[in-house]
$ cat final.cif   # mmCIF, C-alpha atoms
data_entry
#
loop_
_atom_site.label_atom_id
_atom_site.label_comp_id
_atom_site.auth_asym_id
_atom_site.auth_seq_id
_atom_site.Cartn_x
_atom_site.Cartn_y
_atom_site.Cartn_z
CA SER K 1 126.14 118.18 146.67
CA PHE K 2 123.02 118.11 148.78
CA SER K 3 119.80 119.52 147.39
CA ASP K 4 117.24 122.08 148.55
CA GLY K 5 114.13 120.01 147.89
CA ASN K 6 112.79 116.54 147.54
CA VAL K 7 115.36 115.75 144.85
CA PRO K 8 118.19 114.09 146.77
CA LEU K 9 121.05 115.12 144.51
CA GLU K 10 121.76 118.05 142.23
CA LYS K 11 122.49 115.68 139.36
CA ALA K 12 119.09 114.09 139.79
CA ARG K 13 117.58 117.49 139.05
CA THR K 14 119.71 118.49 136.11
CA LYS K 15 120.24 115.26 134.22
CA PRO K 16 117.96 115.29 131.16
CA SER K 17 115.33 112.63 130.67
CA PRO K 18 113.07 111.66 127.77
CA GLY K 19 110.49 114.40 127.36
CA GLY K 20 112.41 116.95 129.40
CA ASN K 21 113.77 117.59 132.84
CA PRO K 22 111.23 116.49 135.49
CA ASN K 23 112.28 119.25 137.88
CA GLY K 24 112.88 122.10 135.48
CA ASN K 25 110.56 125.01 134.85
CA ARG K 26 107.26 123.77 133.46
CA SER K 27 103.87 125.15 132.57
CA GLU K 28 100.71 123.56 133.89
CA GLU K 29 100.31 121.82 130.54
CA ASP K 30 103.52 119.91 131.22
CA GLY K 31 101.97 118.15 134.22
CA ALA K 32 103.15 117.73 137.81
CA THR K 33 105.92 115.54 139.18
CA ALA K 34 105.88 113.06 142.05
CA TYR K 35 108.94 111.81 143.93
CA VAL K 36 108.94 108.08 144.71
CA GLY K 37 111.56 106.62 147.02
CA ASN K 38 112.72 103.30 148.46
CA LEU K 39 112.21 101.63 145.09
CA PRO K 40 113.61 98.13 144.57
CA TYR K 41 116.71 98.28 142.40
CA SER K 42 115.02 95.76 140.11
CA ALA K 43 112.04 98.05 139.41
CA THR K 44 111.69 98.89 135.72
CA GLU K 45 110.29 102.01 134.13
CA GLU K 46 107.39 99.97 132.75
CA GLN K 47 106.48 98.61 136.20
CA ILE K 48 106.52 102.11 137.67
CA ARG K 49 104.45 103.39 134.76
CA GLU K 50 101.81 100.72 135.39
CA LEU K 51 101.77 101.62 139.09
CA PHE K 52 101.09 105.32 138.47
CA GLU K 53 98.79 104.92 135.46
CA ALA K 54 95.99 103.91 137.81
CA TYR K 55 95.83 107.58 138.87
CA GLY K 56 96.30 109.44 135.59
CA THR K 57 98.34 109.92 132.45
CA VAL K 58 102.04 109.23 132.95
CA LYS K 59 103.98 111.69 130.78
CA ARG K 60 107.57 111.11 131.95
CA ILE K 61 109.57 108.83 134.25
CA PHE K 62 113.10 109.58 135.42
CA LEU K 63 115.10 106.98 137.36
CA PRO K 64 118.50 108.41 138.41
CA THR K 65 121.49 106.08 138.23
CA ASP K 66 124.88 106.08 139.92
CA LYS K 67 127.37 107.94 137.75
CA ASN K 68 130.08 105.37 138.41
CA THR K 69 128.24 102.05 138.33
CA GLY K 70 125.17 102.89 136.27
CA ASN K 71 123.00 101.14 138.86
CA PRO K 72 119.63 102.62 139.94
CA LYS K 73 119.72 104.81 143.03
CA GLY K 74 116.44 103.54 144.45
CA PHE K 75 114.26 106.57 143.78
CA GLY K 76 112.65 108.29 140.83
CA PHE K 77 110.37 111.01 139.48
CA VAL K 78 107.06 110.46 137.72
CA THR K 79 105.33 113.30 135.87
CA LEU K 80 101.56 112.97 135.50
CA GLY K 81 99.13 114.92 133.37
CA SER K 82 97.92 117.27 136.11
CA ARG K 83 98.59 118.22 139.70
CA GLU K 84 95.32 116.60 140.72
CA GLU K 85 96.47 113.29 139.25
CA MET K 86 99.87 113.62 140.90
CA LEU K 87 98.34 114.33 144.33
CA ALA K 88 95.96 111.39 143.96
CA ALA K 89 98.88 109.12 143.14
CA THR K 90 101.10 110.27 146.00
CA LYS K 91 98.24 110.04 148.48
CA ALA K 92 97.46 106.47 147.45
CA LEU K 93 101.00 105.18 146.96
CA ASP K 94 102.90 106.72 149.89
CA GLN K 95 103.84 103.92 152.33
CA SER K 96 102.34 101.28 150.03
CA SER K 97 103.88 97.93 149.05
CA PHE K 98 105.55 97.65 145.66
CA LEU K 99 107.58 94.63 144.57
CA GLY K 100 108.19 93.63 148.16
CA ARG K 101 109.24 97.07 149.47
CA ILE K 102 107.40 99.89 151.22
CA ILE K 103 107.69 102.89 148.92
CA TYR K 104 107.30 106.56 149.77
CA SER K 105 105.87 109.21 147.50
CA ASN K 106 105.23 112.94 147.69
CA GLU K 107 105.11 116.00 145.48
CA SER K 108 108.52 116.87 144.07
CA VAL K 109 109.63 120.39 145.02
CA PRO K 110 111.23 122.22 142.06
CA LYS K 111 114.71 123.62 142.49
CA GLY K 112 114.70 127.03 144.13
CA GLN K 113 111.24 126.69 145.70
CA PRO K 114 111.42 127.82 149.35
CA LEU K 115 110.62 125.50 152.23
CA ARG K 116 107.54 126.15 154.35
CA LYS K 117 108.10 126.62 158.07
CA ARG K 118 106.09 125.35 160.99
CA ASP K 119 106.55 124.70 164.68
CA VAL K 120 107.81 121.21 165.43
CA ALA K 121 108.11 120.07 169.04
CA THR K 122 110.53 117.25 168.35
CA ASN K 123 114.12 116.65 167.33
CA LYS K 124 113.26 113.28 165.84
CA LEU K 125 113.80 112.75 162.13
CA TYR K 126 112.19 110.24 159.80
CA VAL K 127 114.84 108.61 157.59
CA SER K 128 113.72 106.44 154.67
CA ASN K 129 115.32 104.60 151.76
CA ILE K 130 117.89 102.97 154.04
CA SER K 131 119.34 99.63 153.01
CA PHE K 132 118.37 96.49 154.88
CA GLN K 133 122.02 96.12 155.91
CA THR K 134 122.10 99.50 157.67
CA THR K 135 122.52 99.24 161.45
CA LYS K 136 122.00 101.62 164.36
CA GLU K 137 125.76 102.06 164.47
CA HIS K 138 125.82 103.12 160.82
CA LEU K 139 123.07 105.68 161.34
CA THR K 140 124.63 106.98 164.56
CA ALA K 141 127.95 107.55 162.83
CA HIS K 142 126.33 109.09 159.74
CA PHE K 143 124.09 111.57 161.57
CA GLY K 144 126.82 112.27 164.10
CA HIS K 145 128.33 114.54 161.45
CA TRP K 146 125.59 117.06 162.22
CA GLY K 147 125.25 116.77 165.99
CA THR K 148 124.79 114.54 169.01
CA VAL K 149 122.69 111.48 168.22
CA LEU K 150 120.43 110.66 171.19
CA ASP K 151 118.54 107.67 169.83
CA VAL K 152 118.15 105.51 166.72
CA TYR K 153 115.16 103.26 166.10
CA ILE K 154 114.90 100.90 163.13
CA PRO K 155 111.41 99.30 162.93
CA LEU K 156 111.31 95.60 162.07
CA ASP K 157 108.69 93.59 160.24
CA ARG K 158 106.57 91.82 162.85
CA ASP K 159 106.42 88.61 160.82
CA THR K 160 109.93 88.27 159.39
CA GLY K 161 111.98 90.34 161.81
CA ASP K 162 113.63 92.08 158.86
CA PRO K 163 114.18 95.88 158.77
CA ARG K 164 111.37 97.79 157.06
CA GLY K 165 113.62 100.21 155.16
CA PHE K 166 113.20 103.30 157.34
CA SER K 167 114.21 104.56 160.77
CA PHE K 168 113.80 107.36 163.30
CA VAL K 169 116.88 109.29 164.42
CA THR K 170 116.74 111.68 167.38
CA LEU K 171 119.40 114.37 167.72
CA ALA K 172 120.01 117.42 169.86
CA LYS K 173 117.98 120.33 168.41
CA GLU K 174 120.73 122.13 166.48
CA GLY K 175 121.99 118.84 165.11
CA ALA K 176 118.50 117.86 164.00
CA GLU K 177 118.08 121.13 162.11
CA LYS K 178 121.39 120.63 160.32
CA ALA K 179 120.62 116.99 159.53
CA LEU K 180 117.24 117.93 158.05
CA GLU K 181 118.87 120.54 155.84
CA GLU K 182 122.00 118.62 154.82
CA GLY K 183 121.25 114.95 155.46
CA ASN K 184 118.44 114.67 152.95
CA GLY K 185 120.03 113.32 149.80
CA SER K 186 123.15 112.07 151.57
CA GLU K 187 124.52 108.62 150.72
CA LEU K 188 124.73 105.73 153.20
CA ASN K 189 125.55 102.13 152.32
CA GLY K 190 124.85 102.70 148.66
CA ARG K 191 121.45 104.34 149.06
CA THR K 192 120.30 107.95 148.91
CA LEU K 193 118.59 108.87 152.17
CA SER K 194 115.35 110.83 152.40
CA VAL K 195 115.20 112.81 155.66
CA SER K 196 112.03 114.53 156.90
CA ILE K 197 109.98 115.39 159.95
CA PRO K 198 107.86 112.45 161.19
CA LEU K 199 104.09 112.71 161.28
CA PRO K 200 102.66 113.71 164.68
CA LYS K 201 101.64 110.73 166.79
CA GLY K 202 98.14 109.59 165.91
CA GLN K 203 97.96 111.43 162.58
CA LYS K 204 96.53 109.11 159.95
CA SER K 205 97.38 111.00 156.79
CA PRO K 206 98.82 108.61 154.18
CA ARG K 207 101.31 111.18 152.94
CA ARG K 208 104.54 112.38 154.46
CA GLU K 209 105.74 115.83 153.46
CA ARG K 210 109.47 115.67 152.86
CA ARG K 211 111.58 118.75 152.90
CA SER K 212 108.48 120.91 152.74
CA GLU K 213 108.56 121.10 156.51
CA TYR K 214 111.28 122.74 158.52
CA PHE K 215 112.30 123.40 162.11
CA THR K 216 111.25 126.81 163.39
CA ARG K 217 114.23 128.22 165.21
CA LYS K 218 113.43 129.57 168.64
#

$ encode --input "final.cif" --output "structure tokens"
Amino acid sequence: SFSDGNVPLEKARTKPSPGGNPNGNRSEEDGATAYVGNLPYSATEEQIRELFEAYGTVKRIFLPTDKNTGNPKGFGFVTLGSREEMLAATKALDQSSFLGRIIYSNESVPKGQPLRKRDVATNKLYVSNISFQTTKEHLTAHFGHWGTVLDVYIPLDRDTGDPRGFSFVTLAKEGAEKALEEGNGSELNGRTLSVSIPLPKGQKSPRRERRSEYFTRK
């Protein structure tokens, strides 16, 4: 089933991990959890620990795996010692290069936490964690479940010509709202998609807020 927050799948929230559930109820002493997506399947817990330790004390790491194959799903959760450390890590690491991939990181929203609303003058969605084999046709068919797809753009690396692992999908307004709600955490070509609202043009913030932003219905 699809989730309500940054956690793509319900099982990713409820499956226990060493030291406790990263998205369960916690006190401040338990730390704060960051979501990290578009991870290489080869990434190990130790490599991710080293990446985040530059910003604070890493208390827990949870890397969800496919229930059938046991293979990594390409995203994870890292709990640091404090919210300040977690925010410093997500700010620095979002859209950074890690083991040859551009990764995305933001604060993990605990289950049941409501989404914040704001006005958004676009029906374009930012879709990350897509496989390099995913085509415009794949994305058009996938997001067509929620409405009329008007445009699909998959950015390419300027040097290699290879896909960069994310895309922008534009739908009719009602379809975009449904895709934002239901498409985040959906599976396409073996990867769990992260769907959010793109940053306004010209905004330089290094972080992207996923699932903490929502279409205001008019």

$ resolve_selection --input "final.cif" --expression "the PyMOL selection byres ((chain K and resi 82) around 12)" --output "NGL selection string"
:K and (26-34 or 55-59 or 78-81 or 83-89 or 107)

$ closest_residue --input "final.cif" --among "K:Ser128, K:Thr134, K:Asn106, K:Thr170" --to "Gly147 of chain K" --atoms "all atoms listed in the file"
K:Thr170

$ atom_distance --input "final.cif" --atom1 "atom CA of Leu188 of chain K" --atom2 "atom CA of His142 of chain K"
7.5 Å

$ closest_residue --input "final.cif" --among "K:Lys178, K:Lys91, K:Arg101, K:Arg191" --to "Asn129 of chain K" --atoms "all atoms listed in the file"
K:Arg191

$ atom_distance --input "final.cif" --atom1 "atom CA of Leu150 of chain K" --atom2 "atom CA of Asn38 of chain K"
25.1 Å

$ resolve_selection --input "final.cif" --expression "the PyMOL selection byres ((chain K and resi 64) around 9)" --output "list in words"
Lys11, Ala12, Lys15, Phe62, Leu63, Thr65, Asp66, Lys67, Gly70, Asn71, Pro72, Lys73, Gly74, Phe75, Gly76 and Phe77 of chain K

$ resolve_selection --input "final.cif" --expression "the PyMOL selection byres ((chain K and resi 164-167) around 12)" --output "PyMOL selection string"
chain K and resi 37-40+74+95-97+100-104+124-136+138-140+151-163+168-170+191-198

$ closest_residue --input "final.cif" --among "K:Tyr35, K:Tyr41, K:Phe143, K:Phe98" --to "Ser186 of chain K" --atoms "all atoms listed in the file"
K:Phe143

$ axis_aligned_box --input "final.cif" --around "segment 126-137 of chain K" --padding-each-side "4 Å" --output "lines of an AutoDock Vina configuration file"
center_x = 119.0
center_y = 103.2
center_z = 158.1
size_x = 21.6
size_y = 22.1
size_z = 20.7

$ closest_residue --input "final.cif" --among "K:Thr90, K:Ile61, K:Asn123, K:Ser105" --to "Glu177 of chain K" --atoms "all atoms listed in the file"
K:Asn123

$ atom_distance --input "final.cif" --atom1 "atom CA of Ser42 of chain K" --atom2 "atom CA of Asn189 of chain K"
17.3 Å
